[in-house]
Each structure stands twice: as C-alpha cells, then as structure tokens.
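> Hey, dropping model_23.txt in here, compact mmCIF, C-alpha atoms:
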# COMPACT_ATOMS: atom_id res chain seq x y z
CA LYS A 1 43.31 68.49 86.63
CA ALA A 2 39.94 67.41 88.00
CA GLY A 3 39.99 65.46 91.26
CA VAL A 4 38.26 62.24 92.17
CA THR A 5 34.50 62.58 91.67
CA GLN A 6 31.98 60.51 93.57
CA THR A 7 28.26 60.44 92.86
CA PRO A 8 25.85 60.79 94.43
CA ARG A 9 26.99 62.77 97.48
CA TYR A 10 24.06 61.67 99.61
CA LEU A 11 21.76 58.68 99.41
CA ILE A 12 18.93 57.40 101.56
CA LYS A 13 17.77 53.80 101.21
CA THR A 14 15.72 51.31 103.19
CA ARG A 15 16.72 47.89 104.44
CA GLY A 16 16.72 45.18 101.80
CA GLN A 17 17.26 47.53 98.88
CA GLN A 18 20.40 47.67 96.82
CA VAL A 19 22.56 50.65 95.89
CA THR A 20 25.20 51.54 93.30
CA LEU A 21 27.83 54.21 93.94
CA SER A 22 30.05 55.71 91.27
CA CYS A 23 33.62 56.96 91.26
CA SER A 24 35.52 58.74 88.50
CA PRO A 25 39.26 58.77 89.18
CA ILE A 26 41.77 61.44 88.30
CA SER A 27 42.54 61.36 84.62
CA GLY A 28 45.34 58.89 83.92
CA HIS A 29 44.92 56.98 87.17
CA ARG A 30 44.23 53.30 86.72
CA SER A 31 43.88 52.17 90.33
CA VAL A 32 40.64 52.79 92.22
CA SER A 33 40.13 51.76 95.84
CA TRP A 34 36.96 51.83 97.93
CA TYR A 35 36.70 52.37 101.68
CA GLN A 36 33.91 52.40 104.24
CA GLN A 37 34.12 54.92 107.07
CA THR A 38 31.97 54.61 110.20
CA PRO A 39 32.34 56.20 113.64
CA GLY A 40 32.79 52.80 115.28
CA GLN A 41 35.10 51.03 112.83
CA GLY A 42 36.95 53.94 111.27
CA LEU A 43 38.21 53.61 107.72
CA GLN A 44 38.12 50.08 106.36
CA PHE A 45 39.37 48.89 103.00
CA LEU A 46 36.73 47.31 100.75
CA PHE A 47 38.53 46.52 97.48
CA GLU A 48 40.89 47.85 94.85
CA TYR A 49 40.64 47.66 91.08
CA PHE A 50 43.41 48.11 88.57
CA SER A 51 42.88 47.91 84.80
CA GLU A 52 39.40 46.43 85.25
CA THR A 53 40.60 43.65 87.56
CA GLN A 54 40.05 43.35 91.30
CA ARG A 55 43.56 43.28 92.74
CA ASN A 56 42.90 43.43 96.48
CA LYS A 57 39.93 42.73 98.68
CA GLY A 58 39.11 43.52 102.29
CA ASN A 59 37.05 41.54 104.78
CA PHE A 60 33.53 42.44 103.75
CA PRO A 61 30.65 40.09 102.91
CA GLY A 62 29.77 39.22 99.35
CA ARG A 63 26.93 41.76 99.41
CA PHE A 64 29.63 44.31 98.64
CA SER A 65 30.89 44.14 95.09
CA GLY A 66 32.49 46.39 92.57
CA ARG A 67 33.70 46.72 89.05
CA GLN A 68 35.88 48.93 86.94
CA PHE A 69 35.32 50.01 83.38
CA SER A 70 37.82 50.47 80.57
CA ASN A 71 37.93 54.22 81.23
CA SER A 72 38.93 53.45 84.86
CA ARG A 73 35.62 54.63 86.29
CA SER A 74 34.45 52.34 89.05
CA GLU A 75 31.16 51.40 90.61
CA MET A 76 30.46 49.80 93.94
CA ASN A 77 27.28 47.86 94.61
CA VAL A 78 25.76 46.85 97.92
CA SER A 79 22.84 44.44 97.86
CA THR A 80 20.30 43.60 100.57
CA LEU A 81 21.15 46.71 102.56
CA GLU A 82 21.38 46.51 106.34
CA LEU A 83 21.22 49.29 108.92
CA GLY A 84 24.93 48.75 109.62
CA ASP A 85 25.78 49.69 106.05
CA SER A 86 25.11 53.33 106.89
CA ALA A 87 28.47 55.00 106.36
CA LEU A 88 30.57 57.36 104.32
CA TYR A 89 31.91 55.48 101.31
CA LEU A 90 35.15 56.88 99.99
CA CYS A 91 36.86 56.25 96.72
CA ALA A 92 40.56 56.86 96.09
CA SER A 93 42.60 56.77 92.93
CA SER A 94 46.29 56.45 92.21
CA ASP A 95 48.54 55.69 89.29
CA GLY A 96 48.86 52.14 90.59
CA SER A 97 51.60 51.04 88.23
CA SER A 98 54.60 51.82 90.46
CA VAL A 99 54.69 49.70 93.55
CA GLY A 100 53.85 51.61 96.71
CA ASN A 101 55.20 55.04 95.82
CA GLN A 102 52.11 56.79 94.59
CA PRO A 103 49.88 58.71 96.99
CA GLN A 104 46.19 58.04 96.98
CA HIS A 105 43.81 60.85 96.11
CA PHE A 106 40.37 60.73 97.69
CA GLY A 107 36.97 61.95 96.63
CA ASP A 108 34.55 63.60 99.05
CA GLY A 109 32.58 60.41 99.45
CA THR A 110 28.99 59.26 99.27
CA ARG A 111 27.05 59.46 102.52
CA LEU A 112 24.70 56.43 102.60
CA SER A 113 21.93 56.33 105.18
CA ILE A 114 19.79 53.23 105.68
CA LEU A 115 16.35 53.66 107.22
CA LYS B 1 47.85 41.41 110.64
CA GLN B 2 48.86 45.05 110.54
CA GLU B 3 47.42 47.26 113.28
CA VAL B 4 47.79 51.02 113.24
CA THR B 5 47.22 53.17 116.30
CA GLN B 6 47.35 56.93 116.82
CA ILE B 7 47.98 58.89 119.98
CA PRO B 8 46.43 61.10 121.18
CA ALA B 9 42.86 60.54 120.02
CA ALA B 10 42.15 64.24 120.42
CA LEU B 11 44.28 67.31 120.95
CA SER B 12 43.47 70.95 121.64
CA VAL B 13 46.21 73.58 121.42
CA PRO B 14 46.38 77.38 121.29
CA GLU B 15 47.24 78.99 117.99
CA GLY B 16 50.96 79.28 117.32
CA GLU B 17 52.03 76.16 119.17
CA ASN B 18 54.17 73.48 117.60
CA LEU B 19 52.70 70.00 117.98
CA VAL B 20 53.43 66.34 117.28
CA LEU B 21 50.99 63.62 116.29
CA ASN B 22 52.01 60.00 116.74
CA CYS B 23 51.32 56.91 114.67
CA SER B 24 52.37 53.35 115.55
CA PHE B 25 52.16 50.17 113.49
CA THR B 26 52.84 46.55 114.37
CA ASP B 27 54.31 45.18 111.13
CA SER B 28 57.38 46.94 109.73
CA ALA B 29 57.08 45.33 106.27
CA ILE B 30 55.49 48.39 104.76
CA TYR B 31 55.86 50.00 101.35
CA ASN B 32 55.05 53.47 102.54
CA LEU B 33 53.36 55.53 105.20
CA GLN B 34 51.00 58.34 104.36
CA TRP B 35 49.52 61.14 106.42
CA PHE B 36 46.08 62.48 105.56
CA ARG B 37 43.86 65.26 106.76
CA GLN B 38 40.07 64.97 106.87
CA ASP B 39 37.72 67.89 107.38
CA PRO B 40 34.18 67.19 108.68
CA GLY B 41 31.97 65.64 106.01
CA LYS B 42 34.78 65.59 103.50
CA GLY B 43 37.13 63.10 101.96
CA LEU B 44 40.80 62.75 102.76
CA THR B 45 43.55 65.07 101.61
CA SER B 46 47.01 63.57 101.26
CA LEU B 47 49.60 65.58 103.21
CA LEU B 48 52.83 63.61 103.02
CA LEU B 49 53.93 60.19 101.79
CA ILE B 50 57.12 58.58 103.07
CA GLN B 51 58.57 55.64 101.17
CA SER B 52 59.87 52.74 103.26
CA SER B 53 63.44 53.67 102.28
CA GLN B 54 63.02 57.28 103.46
CA ARG B 55 63.26 58.74 106.96
CA GLU B 56 61.24 61.94 106.56
CA GLN B 57 59.32 64.23 104.27
CA THR B 58 58.59 67.94 104.57
CA SER B 59 55.94 70.19 103.10
CA GLY B 60 55.67 73.75 104.36
CA ARG B 61 54.92 73.70 108.08
CA LEU B 62 54.56 69.92 108.08
CA ASN B 63 57.28 67.36 108.69
CA ALA B 64 56.69 63.62 108.85
CA SER B 65 59.25 61.09 110.03
CA LEU B 66 59.35 57.32 109.75
CA ASP B 67 61.18 54.79 111.91
CA LYS B 68 60.35 51.35 110.56
CA SER B 69 62.40 49.47 113.11
CA SER B 70 60.35 50.85 115.98
CA GLY B 71 57.10 50.91 114.00
CA ARG B 72 56.54 54.63 114.46
CA SER B 73 55.83 57.76 112.48
CA THR B 74 55.33 61.30 113.69
CA LEU B 75 53.72 64.31 112.07
CA TYR B 76 55.13 67.60 113.27
CA ILE B 77 53.09 70.76 112.68
CA ALA B 78 54.89 74.02 113.23
CA ALA B 79 53.23 77.27 114.26
CA SER B 80 49.71 75.81 114.29
CA GLN B 81 46.79 77.83 112.88
CA PRO B 82 43.01 77.53 113.36
CA GLY B 83 42.80 76.30 109.77
CA ASP B 84 44.81 73.24 110.81
CA SER B 85 41.81 72.03 112.84
CA ALA B 86 40.83 68.65 111.36
CA THR B 87 41.26 64.94 111.88
CA TYR B 88 44.68 63.60 110.93
CA LEU B 89 45.04 59.98 109.86
CA CYS B 90 48.09 57.91 109.16
CA ALA B 91 47.98 54.91 106.86
CA ASN B 92 50.38 52.42 105.39
CA SER B 93 50.55 50.03 102.49
CA MET B 94 51.91 46.55 103.15
CA LYS B 95 54.45 44.76 101.02
CA THR B 96 52.09 41.79 100.80
CA SER B 97 49.40 43.91 99.13
CA TYR B 98 50.67 47.37 98.51
CA ASP B 99 47.46 48.95 97.39
CA LYS B 100 45.54 47.71 100.40
CA VAL B 101 45.92 50.68 102.69
CA ILE B 102 45.45 50.29 106.44
CA PHE B 103 44.39 53.35 108.38
CA GLY B 104 44.79 54.41 111.96
CA PRO B 105 41.78 55.75 113.90
CA GLY B 106 42.94 59.36 113.59
CA THR B 107 43.75 62.27 115.89
CA SER B 108 41.20 65.07 116.12
CA LEU B 109 43.04 68.39 116.32
CA SER B 110 41.54 71.68 117.45
CA VAL B 111 43.64 74.84 117.22
CA ILE B 112 42.15 77.58 119.38
CA PRO B 113 42.51 81.19 118.16
Just dump the structure as structure tokens.

Amino acid sequence: KAGVTQTPRYLIKTRGQQVTLSCSPISGHRSVSWYQQTPGQGLQFLFEYFSETQRNKGNFPGRFSGRQFSNSRSEMNVSTLELGDSALYLCASSDGSSVGNQPQHFGDGTRLSIL
Amino acid sequence: KQEVTQIPAALSVPEGENLVLNCSFTDSAIYNLQWFRQDPGKGLTSLLLIQSSQREQTSGRLNASLDKSSGRSTLYIAASQPGDSATYLCANSMKTSYDKVIFGPGTSLSVIP
C-alpha cells in the first residue's frame, strides 16, 4: 500500500508570491490534515479536510487555504508569501470515520524556502 | 487550551540502555495519545497510539503508557540501538475536535554506539 505522497519535496519562492502544495493520502483514507513545522514553533496544525469539507482549522491567517478533491487528494495554498512562511509542510492522512482511534500517517513533507 | 510538553528536550545514552521519554498535557479530555518518530528531513512515523480508555500499548522494544488523570504519558525504549536516534514527539487529539492533533516539542534522542 503506497504511503502519503507530497509534492514537490522542495520549493523556493520569493516574498509576495503564492504557492500550491499537493498531498495524496493513503488509498481509502478520507481525512487529510496539514501541519507547519518550524524550529521555533514546532509542529502546528493548519487544517483538516474530510470528504471534501474542512472539518477543523488551526490559528493561521487567511493567506493559508486548502481544499480536498473527490479522490481525497488535497492541496494547500499560501498566498502573498512572507519570510516567516519558510517551513516544512507536512500532510497526514487517516481513515477519519471512526472518532479518535485511527493513527495518522505522515508524508515526508514539502520544504518551502522563502527568499 | 491544550498544552503538551516533553522532557527532556534532548537525551544522549550509550547503546543498550533502557530509557524513558516523558510527555505531559494540561487537558485530560483527550481521545487518544500518539507517539511519533521523526528522522532529520523526514516526515513523522507513527509508533504507538493509545486510546483514552487504554493504559498502555506495546510494539517490540517500545512500550507507551497513558495516565489521563495526571496528564502524563511515557515512552519506554528497551535495549536502545543507534538506529533509535531520532526526535520523538507525542501528540493528542482532543474530544472537542478529535482530528486536530496537538504536538509536543519533541525529545531529541542520540544513542551512542
């Protein structure tokens, strides 16, 4: 069974640009969550999608958005990039249908660097 | 607001030692607690998941315990190996939003050959 796939692995952008990251969950998983990991803040929850609907949201500005497609693949978009957006962005998938008893499976992340 | 802390922040042990990593959380209304491992530049690998109704889980040399009343979990690693060197993170899902996972800052483990 293929794991969670994130593309691209590395990305370099400049301030003011926008970026789209992609995540393909494990086959059969309907829940996809996104996290931002930085040395200073650690791992922070961005949002979670289940069956194409945003079900949970963290405390990030509106520049961070996402969506989920009918095949459960998810994209995350960041507009008007700032230097502080440089981070490792991780995607995780789980079955999502049984409350709280399914482990999350993570991809290897997209390393975003803002110049 | 749930806060998760991990002690120690870093740990260095000789190969073969048994060790314990600690995780504390402030709100006991959790659905589960999960331990992850992260290797440099990589994503997270799930090690063990303990449901709120459970007290412990075991997988090979790993044993995780959960005490909701005291807001603590421990990860016990037996007979440590150099390949165990990584950052270990604990995380929990809250009953108010079970798929919103809150992570601790992690413990960086080095096992010296």
> Which residues are near A:Ser86? Cut-off 10 Å, all atoms listed in the file, ignore same chain within fewer than 5 positions. Put them as an mmCIF file with C-alpha atoms, keeping the file's coordinate frame.

data_model
loop_
_atom_site.group_PDB
_atom_site.id
_atom_site.type_symbol
_atom_site.label_atom_id
_atom_site.label_comp_id
_atom_site.auth_asym_id
_atom_site.auth_seq_id
_atom_site.Cartn_x
_atom_site.Cartn_y
_atom_site.Cartn_z
ATOM 1 C CA LEU A 11 21.760 58.680 99.410
ATOM 2 C CA ILE A 12 18.930 57.400 101.560
ATOM 3 C CA LYS A 13 17.770 53.800 101.210
ATOM 4 C CA GLN A 36 33.910 52.400 104.240
ATOM 5 C CA GLN A 37 34.120 54.920 107.070
ATOM 6 C CA THR A 38 31.970 54.610 110.200
ATOM 7 C CA LEU A 81 21.150 46.710 102.560
ATOM 8 C CA ARG A 111 27.050 59.460 102.520
ATOM 9 C CA LEU A 112 24.700 56.430 102.600
ATOM 10 C CA SER A 113 21.930 56.330 105.180
ATOM 11 C CA ILE A 114 19.790 53.230 105.680
ATOM 12 C CA LEU A 115 16.350 53.660 107.220
#
> Please report the interatomic distance between atom CA of B:Leu66 and atom CA of B:Asn92 in Å with one decimal.
11.1 Å
> What does the distance between atom CA of B:Leu19 and atom CA of B:Leu62 come to in Å, to one decimal place?
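Going from atom CA of B:Leu19 over to atom CA of B:Leu62 covers 10.1 Å.
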> Find the residues of chain A that sit at most 12 Å from chain B; for each, write down the nearest two atoms and how far apart they are in Å, to one decimal. Count only C-alpha atoms. Sort by chain, then by number going up, and give it as a Markdown table.

| residue | atom | partner | partner_atom | distance |
| --- | --- | --- | --- | --- |
| A:Gly3 | CA | B:Thr45 | CA | 11.0 |
| A:Val4 | CA | B:Gly43 | CA | 9.9 |
| A:Thr5 | CA | B:Gly43 | CA | 10.6 |
| A:Gln6 | CA | B:Gly43 | CA | 10.2 |
| A:Arg9 | CA | B:Lys42 | CA | 10.2 |
| A:Tyr10 | CA | B:Gly41 | CA | 10.9 |
| A:Arg30 | CA | B:Asp99 | CA | 12.0 |
| A:Ser31 | CA | B:Asp99 | CA | 8.5 |
| A:Val32 | CA | B:Asp99 | CA | 9.4 |
| A:Ser33 | CA | B:Asp99 | CA | 8.0 |
| A:Trp34 | CA | B:Lys100 | CA | 9.8 |
| A:Tyr35 | CA | B:Val101 | CA | 9.4 |
| A:Gln36 | CA | B:Phe103 | CA | 11.3 |
| A:Gln37 | CA | B:Gly43 | CA | 10.1 |
| A:Thr38 | CA | B:Pro105 | CA | 10.5 |
| A:Pro39 | CA | B:Pro105 | CA | 9.5 |
| A:Gly40 | CA | B:Pro105 | CA | 9.6 |
| A:Gln41 | CA | B:Pro105 | CA | 8.2 |
| A:Gly42 | CA | B:Pro105 | CA | 5.8 |
| A:Leu43 | CA | B:Phe103 | CA | 6.2 |
| A:Gln44 | CA | B:Ile102 | CA | 7.3 |
| A:Phe45 | CA | B:Val101 | CA | 6.8 |
| A:Leu46 | CA | B:Lys100 | CA | 8.8 |
| A:Phe47 | CA | B:Lys100 | CA | 7.7 |
| A:Glu48 | CA | B:Asp99 | CA | 7.1 |
| A:Tyr49 | CA | B:Asp99 | CA | 9.4 |
| A:Phe50 | CA | B:Asp99 | CA | 9.7 |
| A:Gln54 | CA | B:Asp99 | CA | 11.1 |
| A:Arg55 | CA | B:Asp99 | CA | 8.3 |
| A:Asn56 | CA | B:Lys100 | CA | 6.4 |
| A:Lys57 | CA | B:Lys100 | CA | 7.7 |
| A:Gly58 | CA | B:Lys100 | CA | 7.9 |
| A:Asn59 | CA | B:Lys100 | CA | 11.4 |
| A:Ala87 | CA | B:Gly41 | CA | 11.2 |
| A:Leu88 | CA | B:Gly41 | CA | 8.6 |
| A:Tyr89 | CA | B:Gly43 | CA | 9.3 |
| A:Leu90 | CA | B:Gly43 | CA | 6.8 |
| A:Cys91 | CA | B:Gly43 | CA | 8.6 |
| A:Ala92 | CA | B:Leu44 | CA | 8.9 |
| A:Ser93 | CA | B:Asp99 | CA | 10.2 |
| A:Ser94 | CA | B:Asp99 | CA | 9.2 |
| A:Asp95 | CA | B:Asp99 | CA | 10.6 |
| A:Gly96 | CA | B:Asp99 | CA | 7.6 |
| A:Ser97 | CA | B:Asp99 | CA | 10.3 |
| A:Ser98 | CA | B:Tyr98 | CA | 10.0 |
| A:Val99 | CA | B:Tyr98 | CA | 6.8 |
| A:Gly100 | CA | B:Tyr31 | CA | 5.3 |
| A:Asn101 | CA | B:Gln51 | CA | 6.4 |
| A:Gln102 | CA | B:Leu49 | CA | 8.2 |
| A:Pro103 | CA | B:Leu49 | CA | 6.5 |
| A:Gln104 | CA | B:Ser46 | CA | 7.0 |
| A:His105 | CA | B:Ser46 | CA | 6.6 |
| A:Phe106 | CA | B:Leu44 | CA | 5.5 |
| A:Gly107 | CA | B:Gly43 | CA | 5.5 |
| A:Asp108 | CA | B:Gly43 | CA | 3.9 |
| A:Gly109 | CA | B:Gly43 | CA | 5.9 |
| A:Thr110 | CA | B:Gly43 | CA | 9.4 |
| A:Arg111 | CA | B:Gly41 | CA | 8.6 |
> Just want the 9 Å neighbourhood of stretch 71-87 of chain B, counted on all atoms listed in the file, with same-chain residues fewer than 2 positions away dropped. Output as a ChimeraX atom specification.
/B:10,13-28,33,35-40,60-69,89-90,106-113
> Could you pull the residues within 9 Å of A:Ser74, counting all atoms listed in the file, minus those fewer than 2 positions along the same chain, as a PyMOL selection string?
chain A and resi 21-25+32-33+49+52+66-69+71-72+76+91
> For a quick check of understanding, using all atoms listed in the file, which of A:Arg15, A:Thr53, A:Thr20, A:Gly62 has the smallest distance to A:Thr80?
A:Arg15
> For atom CA of B:Ala29 and atom CA of B:Arg55, quote the distance in Å rounded to one decimal.
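That distance, rounded to one decimal, is 14.8 Å.
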> Around stretch 73-86 of chain A, fit a box with edges along x, y and z, padding it by 4 Å on each side, then list its centre and edge lengths in Å to one decimal as AutoDock Vina command-line options.

--center_x 28.0 --center_y 49.1 --center_z 98.0 --size_x 23.3 --size_y 19.0 --size_z 31.3
> Between A:Gly28, A:Arg63, A:Glu75, A:Ser70, which one has atoms that come closest to A:Pro8, using all atoms listed in the file?
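Distance minimum relative to A:Pro8 lands on A:Glu75.
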> Provide stretch 51-87 of chain A rebuilt to N, CA and C atoms, formatted as a short mmCIF file (atom, residue, chain, number, x, y, z; two decimals), in the frame of the given file.

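What ended up in result-v6.cif:
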data_model
loop_
_atom_site.label_atom_id
_atom_site.label_comp_id
_atom_site.auth_asym_id
_atom_site.auth_seq_id
_atom_site.Cartn_x
_atom_site.Cartn_y
_atom_site.Cartn_z
N SER A 51 43.09 48.37 86.18
CA SER A 51 42.88 47.91 84.80
C SER A 51 41.77 46.87 84.71
N GLU A 52 40.63 47.21 85.31
CA GLU A 52 39.40 46.43 85.25
C GLU A 52 39.42 45.12 86.02
N THR A 53 40.49 44.88 86.80
CA THR A 53 40.60 43.65 87.56
C THR A 53 40.66 43.97 89.06
N GLN A 54 39.96 43.17 89.85
CA GLN A 54 40.05 43.35 91.30
C GLN A 54 41.40 42.81 91.75
N ARG A 55 42.20 43.67 92.36
CA ARG A 55 43.56 43.28 92.74
C ARG A 55 43.69 43.00 94.23
N ASN A 56 42.88 43.65 95.03
CA ASN A 56 42.90 43.43 96.48
C ASN A 56 41.49 43.48 97.01
N LYS A 57 41.26 42.78 98.11
CA LYS A 57 39.93 42.73 98.68
C LYS A 57 40.03 42.73 100.20
N GLY A 58 39.17 43.49 100.84
CA GLY A 58 39.11 43.52 102.29
C GLY A 58 38.16 42.46 102.82
N ASN A 59 37.87 42.55 104.12
CA ASN A 59 37.05 41.54 104.78
C ASN A 59 35.60 41.99 104.89
N PHE A 60 34.94 42.07 103.79
CA PHE A 60 33.53 42.44 103.75
C PHE A 60 32.74 41.30 103.11
N PRO A 61 31.45 41.18 103.49
CA PRO A 61 30.65 40.09 102.91
C PRO A 61 30.42 40.29 101.42
N GLY A 62 29.97 39.21 100.79
CA GLY A 62 29.77 39.22 99.35
C GLY A 62 28.70 40.18 98.86
N ARG A 63 27.94 40.76 99.81
CA ARG A 63 26.93 41.76 99.41
C ARG A 63 27.61 43.00 98.82
N PHE A 64 28.86 43.17 99.15
CA PHE A 64 29.63 44.31 98.64
C PHE A 64 30.41 43.85 97.42
N SER A 65 30.18 44.51 96.32
CA SER A 65 30.89 44.14 95.09
C SER A 65 31.24 45.40 94.32
N GLY A 66 32.09 45.23 93.36
CA GLY A 66 32.49 46.39 92.57
C GLY A 66 32.90 45.97 91.18
N ARG A 67 33.13 46.98 90.36
CA ARG A 67 33.70 46.72 89.05
C ARG A 67 34.38 47.98 88.55
N GLN A 68 35.19 47.79 87.54
CA GLN A 68 35.88 48.93 86.94
C GLN A 68 35.75 48.82 85.44
N PHE A 69 35.52 49.96 84.82
CA PHE A 69 35.32 50.01 83.38
C PHE A 69 36.62 50.35 82.67
N SER A 70 36.59 50.24 81.35
CA SER A 70 37.82 50.47 80.57
C SER A 70 38.34 51.89 80.69
N ASN A 71 37.46 52.84 81.05
CA ASN A 71 37.93 54.22 81.23
C ASN A 71 38.36 54.49 82.68
N SER A 72 38.49 53.43 83.47
CA SER A 72 38.93 53.45 84.86
C SER A 72 37.86 53.88 85.85
N ARG A 73 36.72 54.34 85.36
CA ARG A 73 35.62 54.63 86.29
C ARG A 73 35.22 53.36 87.01
N SER A 74 34.79 53.52 88.25
CA SER A 74 34.45 52.34 89.05
C SER A 74 33.08 52.52 89.68
N GLU A 75 32.42 51.41 89.88
CA GLU A 75 31.16 51.40 90.61
C GLU A 75 31.26 50.38 91.75
N MET A 76 30.56 50.71 92.82
CA MET A 76 30.46 49.80 93.94
C MET A 76 28.98 49.51 94.18
N ASN A 77 28.66 48.27 94.39
CA ASN A 77 27.28 47.86 94.61
C ASN A 77 27.14 47.19 95.97
N VAL A 78 26.08 47.54 96.66
CA VAL A 78 25.76 46.85 97.92
C VAL A 78 24.34 46.33 97.80
N SER A 79 24.17 45.04 97.97
CA SER A 79 22.84 44.44 97.86
C SER A 79 22.29 44.14 99.26
N THR A 80 20.99 43.95 99.32
CA THR A 80 20.30 43.60 100.57
C THR A 80 20.82 44.47 101.73
N LEU A 81 20.60 45.76 101.60
CA LEU A 81 21.15 46.71 102.56
C LEU A 81 20.70 46.44 103.99
N GLU A 82 21.65 46.65 104.90
CA GLU A 82 21.38 46.51 106.34
C GLU A 82 21.63 47.86 107.01
N LEU A 83 21.04 48.03 108.21
CA LEU A 83 21.22 49.29 108.92
C LEU A 83 22.70 49.61 109.13
N GLY A 84 23.50 48.56 109.37
CA GLY A 84 24.93 48.75 109.62
C GLY A 84 25.73 49.19 108.42
N ASP A 85 25.09 49.23 107.26
CA ASP A 85 25.78 49.69 106.05
C ASP A 85 25.79 51.21 105.97
N SER A 86 25.09 51.87 106.86
CA SER A 86 25.11 53.33 106.89
C SER A 86 26.54 53.81 107.16
N ALA A 87 27.07 54.60 106.26
CA ALA A 87 28.47 55.00 106.36
C ALA A 87 28.79 56.03 105.30
#
